[in-house]
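This is target14.txt. It holds compact mmCIF, C-alpha atoms and all ligand atoms.
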```
# COMPACT_ATOMS: atom_id res chain seq x y z
CA MET A 1 0.00 0.00 0.00
CA THR A 2 1.42 3.42 -0.94
CA LEU A 3 0.94 6.14 1.61
CA ARG A 4 -0.30 9.40 0.06
CA ILE A 5 1.24 12.40 1.73
CA LYS A 6 -0.19 15.90 1.61
CA LYS A 7 2.50 18.26 0.33
CA ILE A 8 3.05 21.38 2.39
CA TYR A 9 4.01 24.80 1.00
CA GLY A 10 4.03 28.08 2.84
CA LEU A 11 5.20 31.56 3.64
CA LEU A 12 8.22 31.98 5.87
CA GLY A 13 8.73 35.34 7.58
CA SER A 14 7.73 37.54 10.48
CA PRO A 15 5.08 38.86 10.61
CA VAL A 16 3.09 36.76 8.11
CA LYS A 17 -0.47 36.75 9.40
CA HIS A 18 -1.54 39.62 7.05
CA SER A 19 -0.66 37.51 3.99
CA LEU A 20 -3.15 36.73 1.21
CA SER A 21 -0.93 33.98 -0.21
CA PRO A 22 -2.75 31.09 1.58
CA GLU A 23 -6.06 32.07 -0.09
CA MET A 24 -4.42 32.36 -3.50
CA HIS A 25 -2.41 29.11 -3.40
CA ASN A 26 -4.98 26.96 -1.63
CA ALA A 27 -7.58 27.97 -4.23
CA ALA A 28 -5.14 26.91 -6.95
CA PHE A 29 -4.37 23.56 -5.27
CA ALA A 30 -8.10 22.89 -4.93
CA ARG A 31 -8.80 23.75 -8.58
CA LEU A 32 -6.03 21.46 -9.86
CA LYS A 33 -6.97 18.74 -7.31
CA ILE A 34 -3.44 18.77 -5.89
CA ASP A 35 -3.28 17.27 -2.41
CA ALA A 36 -1.37 20.16 -0.86
CA GLU A 37 -1.78 22.97 1.64
CA TYR A 38 -0.20 26.42 1.90
CA LYS A 39 0.54 27.47 5.49
CA LEU A 40 2.05 30.42 7.33
CA PHE A 41 5.36 29.90 9.14
CA GLU A 42 6.16 32.79 11.47
CA LEU A 43 9.70 32.25 12.74
CA LYS A 44 11.58 33.97 15.51
CA SER A 45 15.16 35.05 14.82
CA GLY A 46 17.44 32.08 15.45
CA GLU A 47 14.87 29.53 14.24
CA LEU A 48 15.70 29.77 10.52
CA GLU A 49 18.48 27.19 10.25
CA GLY A 50 16.58 24.54 12.21
CA PHE A 51 13.43 25.15 10.18
CA LEU A 52 15.22 24.89 6.81
CA SER A 53 17.09 21.74 7.81
CA ALA A 54 13.81 19.95 8.62
CA LEU A 55 11.83 20.83 5.47
CA SER A 56 11.70 17.33 3.99
CA GLN A 57 10.84 15.62 7.26
CA ASN A 58 7.91 18.06 7.59
CA TYR A 59 6.80 17.35 3.96
CA ILE A 60 7.51 20.96 2.96
CA PHE A 61 8.16 21.09 -0.80
CA GLY A 62 8.30 24.84 -1.36
CA LEU A 63 8.30 28.20 0.37
CA ASN A 64 7.73 31.85 -0.21
CA VAL A 65 10.03 34.02 1.87
CA THR A 66 9.31 37.50 3.17
CA VAL A 67 10.87 39.98 5.59
CA PRO A 68 13.14 39.57 7.48
CA TYR A 69 14.47 36.36 5.87
CA LYS A 70 14.66 37.19 2.13
CA GLU A 71 18.41 37.84 2.36
CA SER A 72 19.36 35.47 5.19
CA VAL A 73 18.00 32.38 3.37
CA LEU A 74 20.59 32.82 0.60
CA LYS A 75 23.37 31.01 2.42
CA TYR A 76 21.20 27.87 2.73
CA LEU A 77 20.54 27.63 -1.02
CA GLN A 78 22.42 25.16 -3.21
CA TRP A 79 21.45 27.03 -6.39
CA HIS A 80 19.83 30.34 -7.19
CA ALA A 81 18.40 32.01 -10.30
CA PRO A 82 20.33 34.94 -11.86
CA GLU A 83 17.82 37.54 -10.61
CA VAL A 84 18.47 36.44 -7.02
CA LYS A 85 22.09 37.49 -7.44
CA PHE A 86 21.09 40.88 -8.87
CA ILE A 87 18.46 41.57 -6.21
CA GLY A 88 20.39 40.00 -3.34
CA ALA A 89 17.24 38.30 -2.05
CA ALA A 90 15.05 35.25 -2.72
CA ASN A 91 11.28 35.17 -2.26
CA THR A 92 10.75 31.59 -3.42
CA ILE A 93 12.42 28.31 -2.44
CA VAL A 94 11.90 25.05 -4.28
CA VAL A 95 12.84 21.97 -2.26
CA LYS A 96 14.33 19.70 -4.93
CA ASP A 97 15.71 17.25 -2.45
CA LYS A 98 16.28 17.30 1.29
CA ASN A 99 19.79 18.56 0.71
CA TYR A 100 19.09 20.73 -2.32
CA LEU A 101 17.22 24.04 -2.11
CA GLU A 102 16.74 26.27 -5.15
CA GLY A 103 16.18 30.03 -4.73
CA TRP A 104 14.19 32.28 -7.05
CA ASN A 105 12.84 35.80 -6.93
CA THR A 106 9.43 36.09 -8.58
CA ASP A 107 8.66 39.74 -7.63
CA GLY A 108 10.26 41.20 -10.75
CA THR A 109 8.72 38.71 -13.18
CA GLY A 110 5.39 39.23 -11.39
CA PHE A 111 5.64 42.96 -12.05
CA TYR A 112 6.68 42.40 -15.67
CA ARG A 113 3.92 39.90 -16.46
CA HIS A 114 1.25 42.17 -14.95
CA LEU A 115 2.52 45.21 -16.82
CA THR A 116 2.93 43.55 -20.20
CA GLU A 117 0.27 40.82 -20.23
CA ASP A 118 -2.65 42.39 -18.35
CA LEU A 119 -1.89 46.06 -18.98
CA LYS A 120 -0.36 45.61 -22.47
CA TYR A 121 2.43 48.07 -21.72
CA ASN A 122 5.54 47.93 -23.91
CA LEU A 123 8.71 48.81 -22.00
CA SER A 124 10.99 49.11 -24.97
CA ASP A 125 12.72 52.53 -25.23
CA LYS A 126 10.68 53.98 -22.36
CA ARG A 127 12.07 56.39 -19.76
CA ALA A 128 11.26 55.26 -16.22
CA VAL A 129 11.48 56.85 -12.78
CA ILE A 130 11.41 54.68 -9.69
CA LEU A 131 10.80 55.85 -6.14
CA GLY A 132 12.67 53.55 -3.75
CA ALA A 133 15.81 51.42 -4.10
CA GLY A 134 14.93 48.62 -1.67
CA GLY A 135 14.18 44.95 -2.36
CA ALA A 136 11.09 45.44 -4.52
CA ALA A 137 12.68 48.31 -6.46
CA LYS A 138 15.71 46.14 -7.29
CA ALA A 139 13.43 43.38 -8.61
CA VAL A 140 11.50 45.89 -10.75
CA VAL A 141 14.55 47.78 -12.05
CA ASP A 142 16.19 44.47 -13.04
CA GLN A 143 13.15 43.74 -15.23
CA LEU A 144 13.06 47.27 -16.67
CA ALA A 145 16.70 46.99 -17.73
CA ARG A 146 16.29 43.44 -19.09
CA HIS A 147 13.37 44.61 -21.22
CA ASN A 148 15.15 47.53 -22.86
CA VAL A 149 13.96 50.67 -21.12
CA LYS A 150 16.06 53.56 -22.36
CA SER A 151 16.71 55.06 -18.95
CA VAL A 152 15.85 54.67 -15.30
CA THR A 153 16.02 57.45 -12.72
CA ILE A 154 16.20 56.23 -9.13
CA TYR A 155 15.23 58.17 -6.01
CA ASP A 156 15.51 56.88 -2.43
CA VAL A 157 15.97 58.66 0.90
CA ASP A 158 19.01 56.44 1.29
CA LYS A 159 21.25 57.99 -1.39
CA GLU A 160 23.91 55.30 -1.04
CA ARG A 161 21.30 52.63 -1.75
CA SER A 162 20.06 54.35 -4.91
CA ARG A 163 23.62 54.96 -6.10
CA LYS A 164 24.55 51.28 -5.63
CA LEU A 165 21.49 50.23 -7.62
CA SER A 166 22.20 52.63 -10.50
CA ASP A 167 25.87 51.48 -10.60
CA LYS A 168 24.70 47.90 -10.82
CA ILE A 169 22.37 48.68 -13.72
CA ASN A 170 25.03 50.63 -15.59
CA ASN A 171 27.54 47.78 -15.14
CA GLU A 172 25.24 44.91 -16.01
CA PHE A 173 22.94 46.53 -18.58
CA PRO A 174 25.01 49.13 -20.45
CA LYS A 175 22.17 49.86 -22.91
CA CYS A 176 20.03 51.21 -20.04
CA LYS A 177 21.22 54.51 -18.61
CA ALA A 178 20.64 54.62 -14.84
CA ILE A 179 20.95 57.84 -12.86
CA THR A 180 20.04 58.85 -9.33
CA VAL A 181 18.51 62.03 -7.99
CA ASP A 182 19.00 63.34 -4.47
CA SER A 183 15.55 64.93 -4.33
CA ILE A 184 12.31 64.24 -6.16
CA VAL A 185 10.73 67.59 -5.25
CA GLY A 186 10.10 69.48 -8.48
CA PHE A 187 11.73 66.75 -10.63
CA ASN A 188 10.76 67.23 -14.28
CA LEU A 189 8.60 64.27 -15.28
CA LYS A 190 7.57 65.83 -18.61
CA ASP A 191 9.88 63.63 -20.73
CA GLN A 192 9.27 60.51 -18.64
CA ASP A 193 6.94 57.65 -19.60
CA LEU A 194 6.68 55.50 -16.49
CA LEU A 195 6.63 56.43 -12.79
CA ILE A 196 6.82 53.58 -10.27
CA ASN A 197 6.40 53.81 -6.53
CA ALA A 198 8.44 51.12 -4.76
CA THR A 199 8.53 52.82 -1.37
CA PRO A 200 6.01 52.07 1.38
CA ILE A 201 4.87 55.72 1.21
CA GLY A 202 1.15 55.69 0.52
CA MET A 203 0.20 52.71 2.67
CA LYS A 204 -0.92 54.93 5.55
CA ASP A 205 -3.64 57.58 5.28
CA THR A 206 -1.29 60.03 6.98
CA ASP A 207 1.50 59.55 4.38
CA ALA A 208 2.25 62.68 2.35
CA CYS A 209 2.50 62.04 -1.39
CA LEU A 210 6.09 62.13 -2.73
CA ILE A 211 4.92 63.63 -6.04
CA ALA A 212 3.01 66.91 -6.45
CA LYS A 213 0.00 67.00 -8.74
CA ASP A 214 1.52 69.54 -11.13
CA MET A 215 4.43 67.17 -11.83
CA LEU A 216 2.07 64.56 -13.32
CA HIS A 217 0.74 64.48 -16.89
CA ALA A 218 -1.53 62.47 -19.16
CA ASN A 219 1.30 60.69 -21.02
CA LEU A 220 2.65 59.06 -17.86
CA PHE A 221 1.89 55.53 -16.73
CA VAL A 222 1.93 55.50 -12.92
CA TYR A 223 2.38 52.11 -11.24
CA ASP A 224 2.23 51.86 -7.45
CA LEU A 225 3.47 48.58 -5.95
CA ILE A 226 1.13 49.17 -3.01
CA TYR A 227 -2.27 47.42 -3.34
CA ASN A 228 -3.78 48.30 0.03
CA PRO A 229 -5.20 50.92 -0.25
CA ALA A 230 -6.24 50.08 -3.80
CA GLU A 231 -5.77 53.71 -4.79
CA THR A 232 -2.95 55.55 -3.03
CA LYS A 233 -2.80 59.35 -3.02
CA LEU A 234 -0.24 59.09 -5.83
CA LEU A 235 -2.59 57.01 -7.99
CA ALA A 236 -5.52 59.35 -7.27
CA LEU A 237 -3.48 62.40 -8.32
CA ALA A 238 -2.23 60.58 -11.42
CA ARG A 239 -5.78 59.61 -12.40
CA GLU A 240 -6.89 63.25 -11.97
CA ALA A 241 -3.99 64.31 -14.23
CA GLY A 242 -5.26 61.91 -16.92
CA ALA A 243 -2.45 59.34 -16.52
CA ARG A 244 -2.92 55.57 -16.79
CA THR A 245 -2.55 53.96 -13.38
CA ALA A 246 -2.18 50.54 -11.79
CA ASN A 247 -1.70 49.24 -8.28
CA GLY A 248 0.46 46.27 -7.24
CA LEU A 249 -2.23 43.61 -6.88
CA GLY A 250 -1.40 42.15 -10.29
CA MET A 251 2.28 41.97 -9.33
CA LEU A 252 1.31 40.07 -6.17
CA LEU A 253 -0.81 37.71 -8.27
CA TYR A 254 1.86 36.94 -10.85
CA GLN A 255 4.69 36.50 -8.33
CA GLY A 256 2.41 33.87 -6.74
CA VAL A 257 1.62 32.31 -10.12
CA ARG A 258 5.33 31.93 -10.88
CA SER A 259 6.07 30.44 -7.44
CA PHE A 260 3.19 27.99 -7.87
CA GLU A 261 4.48 26.89 -11.27
CA LEU A 262 8.02 26.46 -9.97
CA TRP A 263 6.78 24.24 -7.14
CA THR A 264 4.24 22.15 -9.00
CA GLU A 265 5.62 22.24 -12.58
CA LYS A 266 1.99 22.76 -13.67
CA ILE A 267 0.32 25.74 -15.35
CA ALA A 268 -1.26 27.79 -12.60
CA PRO A 269 -5.01 28.53 -12.73
CA VAL A 270 -4.45 32.29 -12.93
CA GLU A 271 -8.09 33.39 -12.87
CA ILE A 272 -8.87 31.24 -9.81
CA MET A 273 -5.86 32.76 -8.03
CA ARG A 274 -6.91 36.27 -9.09
CA GLU A 275 -10.44 35.75 -7.74
CA ALA A 276 -9.11 34.41 -4.43
CA LEU A 277 -6.76 37.36 -4.10
CA GLU A 278 -9.42 39.94 -4.95
CA GLU A 279 -11.78 38.35 -2.44
CA GLY A 280 -9.01 38.47 0.20
CA VAL A 281 -8.30 42.13 -0.57
CA ARG A 282 -11.99 43.02 -0.28
CA LYS A 283 -11.92 41.55 3.23
CA ILE A 284 -8.80 43.40 4.42
CA CYS A 285 -9.22 46.76 2.67
CA SER A 286 -10.74 49.25 5.05
CA PRO A 287 -13.91 50.84 3.66
CA LYS A 288 -13.42 54.37 2.37
P1 LIG B 1 12.18 48.14 1.40
O1 LIG B 1 13.18 47.09 1.03
O2 LIG B 1 12.08 48.63 2.79
O3 LIG B 1 12.45 49.38 0.40
C1 LIG B 1 11.76 50.60 0.49
C2 LIG B 1 12.76 51.70 0.17
O4 LIG B 1 12.07 52.95 0.14
C3 LIG B 1 13.85 51.82 1.24
O5 LIG B 1 15.09 52.00 0.61
C4 LIG B 1 13.38 53.03 2.00
O6 LIG B 1 14.45 53.70 2.66
C5 LIG B 1 12.82 53.89 0.90
N1 LIG B 1 11.97 54.95 1.38
C6 LIG B 1 11.17 54.97 2.48
N2 LIG B 1 10.57 56.16 2.61
C7 LIG B 1 10.97 56.92 1.56
C8 LIG B 1 10.72 58.25 1.14
N3 LIG B 1 9.89 59.05 1.83
N4 LIG B 1 11.32 58.71 0.03
C9 LIG B 1 12.17 57.93 -0.67
N5 LIG B 1 12.47 56.66 -0.31
C10 LIG B 1 11.88 56.17 0.79
O7 LIG B 1 10.71 47.65 1.02
P2 LIG B 1 10.29 46.74 -0.24
O8 LIG B 1 10.23 45.32 0.20
O9 LIG B 1 11.15 47.11 -1.38
O10 LIG B 1 8.78 47.21 -0.47
C11 LIG B 1 8.48 48.51 -0.95
C12 LIG B 1 6.98 48.63 -1.20
O11 LIG B 1 6.60 47.72 -2.24
C13 LIG B 1 6.12 48.26 0.02
O12 LIG B 1 5.00 49.09 0.06
C14 LIG B 1 5.70 46.84 -0.28
O13 LIG B 1 4.49 46.50 0.36
C15 LIG B 1 5.54 46.89 -1.79
N6 LIG B 1 5.69 45.58 -2.43
C16 LIG B 1 4.67 45.15 -3.21
C17 LIG B 1 4.78 43.93 -3.85
C18 LIG B 1 3.64 43.44 -4.71
O14 LIG B 1 3.63 42.25 -5.05
N7 LIG B 1 2.73 44.30 -5.09
C19 LIG B 1 5.95 43.15 -3.69
C20 LIG B 1 6.98 43.63 -2.90
C21 LIG B 1 6.83 44.86 -2.26
P3 LIG B 1 14.65 53.39 4.24
O15 LIG B 1 14.93 51.93 4.36
O16 LIG B 1 15.80 54.26 4.59
O17 LIG B 1 13.35 53.76 4.90
```

Written as structure tokens, that's how I'd like the structure from this file.
Ligand code: NAP
Amino acid sequence: MTLRIKKIYGLLGSPVKHSLSPEMHNAAFARLKIDAEYKLFELKSGELEGFLSALSQNYIFGLNVTVPYKESVLKYLQWHAPEVKFIGAANTIVVKDKNYLEGWNTDGTGFYRHLTEDLKYNLSDKRAVILGAGGAAKAVVDQLARHNVKSVTIYDVDKERSRKLSDKINNEFPKCKAITVDSIVGFNLKDQDLLINATPIGMKDTDACLIAKDMLHANLFVYDLIYNPAETKLLALAREAGARTANGLGMLLYQGVRSFELWTEKIAPVEIMREALEEGVRKICSPK
């Protein structure tokens, strides 16, 4: 008699209880009749090594990784995808064997697939401005450069961080010109095509918007990685200025889709995952 074992997947981080990933992945497992469950693993500092060394004995076949472990998991990986090296962080682990963990970062490809597939935006030869130079910004900028944007202007309160990111782009993608700016106040966006917010500014009602209304224009595409609230102050101002806008829910969806496909080697049921995510967002988004 063969014993059927339910495969376990999950999100590793701290805190993790706000996550919508269980809804999204469990809906996908159910649709494809895969005997698996996606769980939340909230670890205290010091528990990471023990947890990762016991994955196979706990039937864990794959993980998403979030703060604060995206960087610290790297030393436990036997192989990682090229984007993990560029970003310096992994958000997905595939357990190939009990002694062989693969690391991926699906944030950037999630952003790219949302932008190009759902929103039909062509990055080629565009001029982009990105607010933030942290983990998500690195993942996004890597994709912008890979897909032939003409230039990327980077702004972060941490000037050293933005400078390091622009140096990296200029070294690895010489066709894309990366520059940094020390202040975004009054920056001329007139010749720019794409403005991306990859800072957490806009999540709280009390956050001031980094961009003034008169800087925005109808030829801009404004993409905010934040999805809660669904419309940040930046997106509201951009909409009023006639710009196309998008929030980061599609990026969240497609990073999950890619993780799911890496774990299961099956085509993910995208629309089922989208519905589960949208339902989850409706529950957590505070009414306006
Ligand atoms: P992170 O690593 O902390 O990076 C954020 C960066 O923004 C940091 O360098 C931070 O500098 C900088 N920053 C903060 N306030 C700023 C300001 N007023 N002006 C300029 N720069 C400022 O965070 P992350 O993981 O990249 O996430 C960034 C945002 O993207 C978050 O809102 C997150 O929820 C969202 N996100 C969305 C998705 C999605 O799937 N939609 C995926 C990943 C992330 P300091 O560290 O000095 O504050």

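Here CA of Gly250 (chain A) and CA of Lys120 (chain A) stand 12.7 Å from one another.
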
*Can you tell me which residues sit at most 8 Å away from ligand LIG 1 (chain B), counting all atoms listed in the file, written as a ChimeraX atom specification?*
/A:67,107,110-111,131-138,155-158,161-162,197-203,210,224-227,247-253,255

Go ahead and save the picked residues with C-alpha atoms, as a PDB file, in the frame of the given file.
```pdb
ATOM      1  CA  VAL A  67      10.870  39.980   5.590  1.00  0.00           C
ATOM      2  CA  ASP A 107       8.660  39.740  -7.630  1.00  0.00           C
ATOM      3  CA  GLY A 110       5.390  39.230 -11.390  1.00  0.00           C
ATOM      4  CA  PHE A 111       5.640  42.960 -12.050  1.00  0.00           C
ATOM      5  CA  LEU A 131      10.800  55.850  -6.140  1.00  0.00           C
ATOM      6  CA  GLY A 132      12.670  53.550  -3.750  1.00  0.00           C
ATOM      7  CA  ALA A 133      15.810  51.420  -4.100  1.00  0.00           C
ATOM      8  CA  GLY A 134      14.930  48.620  -1.670  1.00  0.00           C
ATOM      9  CA  GLY A 135      14.180  44.950  -2.360  1.00  0.00           C
ATOM     10  CA  ALA A 136      11.090  45.440  -4.520  1.00  0.00           C
ATOM     11  CA  ALA A 137      12.680  48.310  -6.460  1.00  0.00           C
ATOM     12  CA  LYS A 138      15.710  46.140  -7.290  1.00  0.00           C
ATOM     13  CA  TYR A 155      15.230  58.170  -6.010  1.00  0.00           C
ATOM     14  CA  ASP A 156      15.510  56.880  -2.430  1.00  0.00           C
ATOM     15  CA  VAL A 157      15.970  58.660   0.900  1.00  0.00           C
ATOM     16  CA  ASP A 158      19.010  56.440   1.290  1.00  0.00           C
ATOM     17  CA  ARG A 161      21.300  52.630  -1.750  1.00  0.00           C
ATOM     18  CA  SER A 162      20.060  54.350  -4.910  1.00  0.00           C
ATOM     19  CA  ASN A 197       6.400  53.810  -6.530  1.00  0.00           C
ATOM     20  CA  ALA A 198       8.440  51.120  -4.760  1.00  0.00           C
ATOM     21  CA  THR A 199       8.530  52.820  -1.370  1.00  0.00           C
ATOM     22  CA  PRO A 200       6.010  52.070   1.380  1.00  0.00           C
ATOM     23  CA  ILE A 201       4.870  55.720   1.210  1.00  0.00           C
ATOM     24  CA  GLY A 202       1.150  55.690   0.520  1.00  0.00           C
ATOM     25  CA  MET A 203       0.200  52.710   2.670  1.00  0.00           C
ATOM     26  CA  LEU A 210       6.090  62.130  -2.730  1.00  0.00           C
ATOM     27  CA  ASP A 224       2.230  51.860  -7.450  1.00  0.00           C
ATOM     28  CA  LEU A 225       3.470  48.580  -5.950  1.00  0.00           C
ATOM     29  CA  ILE A 226       1.130  49.170  -3.010  1.00  0.00           C
ATOM     30  CA  TYR A 227      -2.270  47.420  -3.340  1.00  0.00           C
ATOM     31  CA  ASN A 247      -1.700  49.240  -8.280  1.00  0.00           C
ATOM     32  CA  GLY A 248       0.460  46.270  -7.240  1.00  0.00           C
ATOM     33  CA  LEU A 249      -2.230  43.610  -6.880  1.00  0.00           C
ATOM     34  CA  GLY A 250      -1.400  42.150 -10.290  1.00  0.00           C
ATOM     35  CA  MET A 251       2.280  41.970  -9.330  1.00  0.00           C
ATOM     36  CA  LEU A 252       1.310  40.070  -6.170  1.00  0.00           C
ATOM     37  CA  LEU A 253      -0.810  37.710  -8.270  1.00  0.00           C
ATOM     38  CA  GLN A 255       4.690  36.500  -8.330  1.00  0.00           C
TER      39      GLN A 255
END
```

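Rounded to one decimal, CA of Val281 (chain A) and CA of Pro22 (chain A) lie 12.5 Å from each other.
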
*asked:* Can you measure CA of Arg274 (chain A) to CA of Tyr254 (chain A) for me? One decimal in Å is fine.
replied: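 Interatomic distance here is 9.0 Å.
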
*Which residues, protein or nucleic acid, reach to within 8 Å of (13.0, 36.4, -6.2) in the file's coordinates when using all atoms listed in the file, and can you give that as a count of residues only?*
14

*From the list A:Leu235, A:Ile154, A:Ala208, A:Cys176, which residue is nearest Leu123 (chain A) when using only C-alpha atoms?*
A:Cys176

_So that I can check the surroundings of region 49-55 of chain A, please list as a VMD selection string every protein, DNA and RNA residue that reaches within 8 Å of it, counting all atoms listed in the file and ignoring chain neighbours fewer than 5 positions away._
chain A and resid 60 to 61 76 95 98

*Counting all atoms listed in the file, the residue of A:Leu165, A:Thr180, A:Arg31, A:Lys39 that sits nearest Gly88 (chain A)*: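 Distance minimum relative to Gly88 (chain A) lands on A:Leu165.
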
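Shortest separation to Val16 (chain A) among A:Asn58, A:Thr232, A:Thr66, A:Thr109 occurs at residue A:Thr66, atoms counted being only C-alpha atoms.
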
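In this comparison, which uses only C-alpha atoms, the residue of A:Lys233, A:His217, A:Arg244, A:Lys44 approaching Leu115 (chain A) most closely is A:Arg244.
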
Centre, edges in Å (one decimal): axis-aligned box, region 25-34 of chain A, 5 Å padding on all six sides, as JSON:
```
{"center_x": -5.6, "center_y": 23.9, "center_z": -5.7, "size_x": 16.4, "size_y": 20.4, "size_z": 18.2}
```

_Exercise: region 266-270 of chain A partners within 8 Å, only C-alpha atoms, chain neighbours under 6 positions left out, as a VMD selection string_ = chain A and resid 28 31 to 32 257 to 258 260

*Residue among A:Leu101, A:Cys285, A:Leu194, A:Leu277 lying closest to Pro229 (chain A), counting all atoms listed in the file*: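 Nearest candidate to Pro229 (chain A) out of A:Leu101, A:Cys285, A:Leu194, A:Leu277: A:Cys285.
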
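Those residues that approach Tyr59 (chain A) to within 8 Å, counting all atoms listed in the file, are Ile5, Lys6, Lys7 and Ile8 of chain A; same-chain residues fewer than 5 positions away are not listed.
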
May I have the selected residues written with C-alpha atoms, as a short mmCIF file (atom, residue, chain, number, x, y, z; two decimals), in the frame of the given file?
```cif
data_model
loop_
_atom_site.label_atom_id
_atom_site.label_comp_id
_atom_site.auth_asym_id
_atom_site.auth_seq_id
_atom_site.Cartn_x
_atom_site.Cartn_y
_atom_site.Cartn_z
CA ILE A 5 1.24 12.40 1.73
CA LYS A 6 -0.19 15.90 1.61
CA LYS A 7 2.50 18.26 0.33
CA ILE A 8 3.05 21.38 2.39
#
```

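In terms of minimum interatomic distance to Tyr38 (chain A), A:Trp263 ranks closest within A:Leu74, A:Lys204, A:Trp263, A:Val149, counting only C-alpha atoms.
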
*Please provide the set of residues having any atom within 10 Å of Lys177 (chain A), restricted to only C-alpha atoms, with same-chain residues fewer than 5 positions apart removed, written as a list of chain:residue names.*
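Here the qualifying residues turn out to be A:Arg127, A:Ala145, A:Val149, A:Lys150, A:Ser151, A:Val152, A:Thr153, A:Ser166, A:Asp167, A:Ile169, A:Asn170, A:Asn171.
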
Please produce a file of the residues just selected, as an mmCIF file, keeping the file's coordinate frame, where the atoms kept are C-alpha atoms.
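Printed below is out-v5.cif as written:
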```cif
data_model
loop_
_atom_site.group_PDB
_atom_site.id
_atom_site.type_symbol
_atom_site.label_atom_id
_atom_site.label_comp_id
_atom_site.auth_asym_id
_atom_site.auth_seq_id
_atom_site.Cartn_x
_atom_site.Cartn_y
_atom_site.Cartn_z
ATOM 1 C CA ARG A 127 12.070 56.390 -19.760
ATOM 2 C CA ALA A 145 16.700 46.990 -17.730
ATOM 3 C CA VAL A 149 13.960 50.670 -21.120
ATOM 4 C CA LYS A 150 16.060 53.560 -22.360
ATOM 5 C CA SER A 151 16.710 55.060 -18.950
ATOM 6 C CA VAL A 152 15.850 54.670 -15.300
ATOM 7 C CA THR A 153 16.020 57.450 -12.720
ATOM 8 C CA SER A 166 22.200 52.630 -10.500
ATOM 9 C CA ASP A 167 25.870 51.480 -10.600
ATOM 10 C CA ILE A 169 22.370 48.680 -13.720
ATOM 11 C CA ASN A 170 25.030 50.630 -15.590
ATOM 12 C CA ASN A 171 27.540 47.780 -15.140
#
```
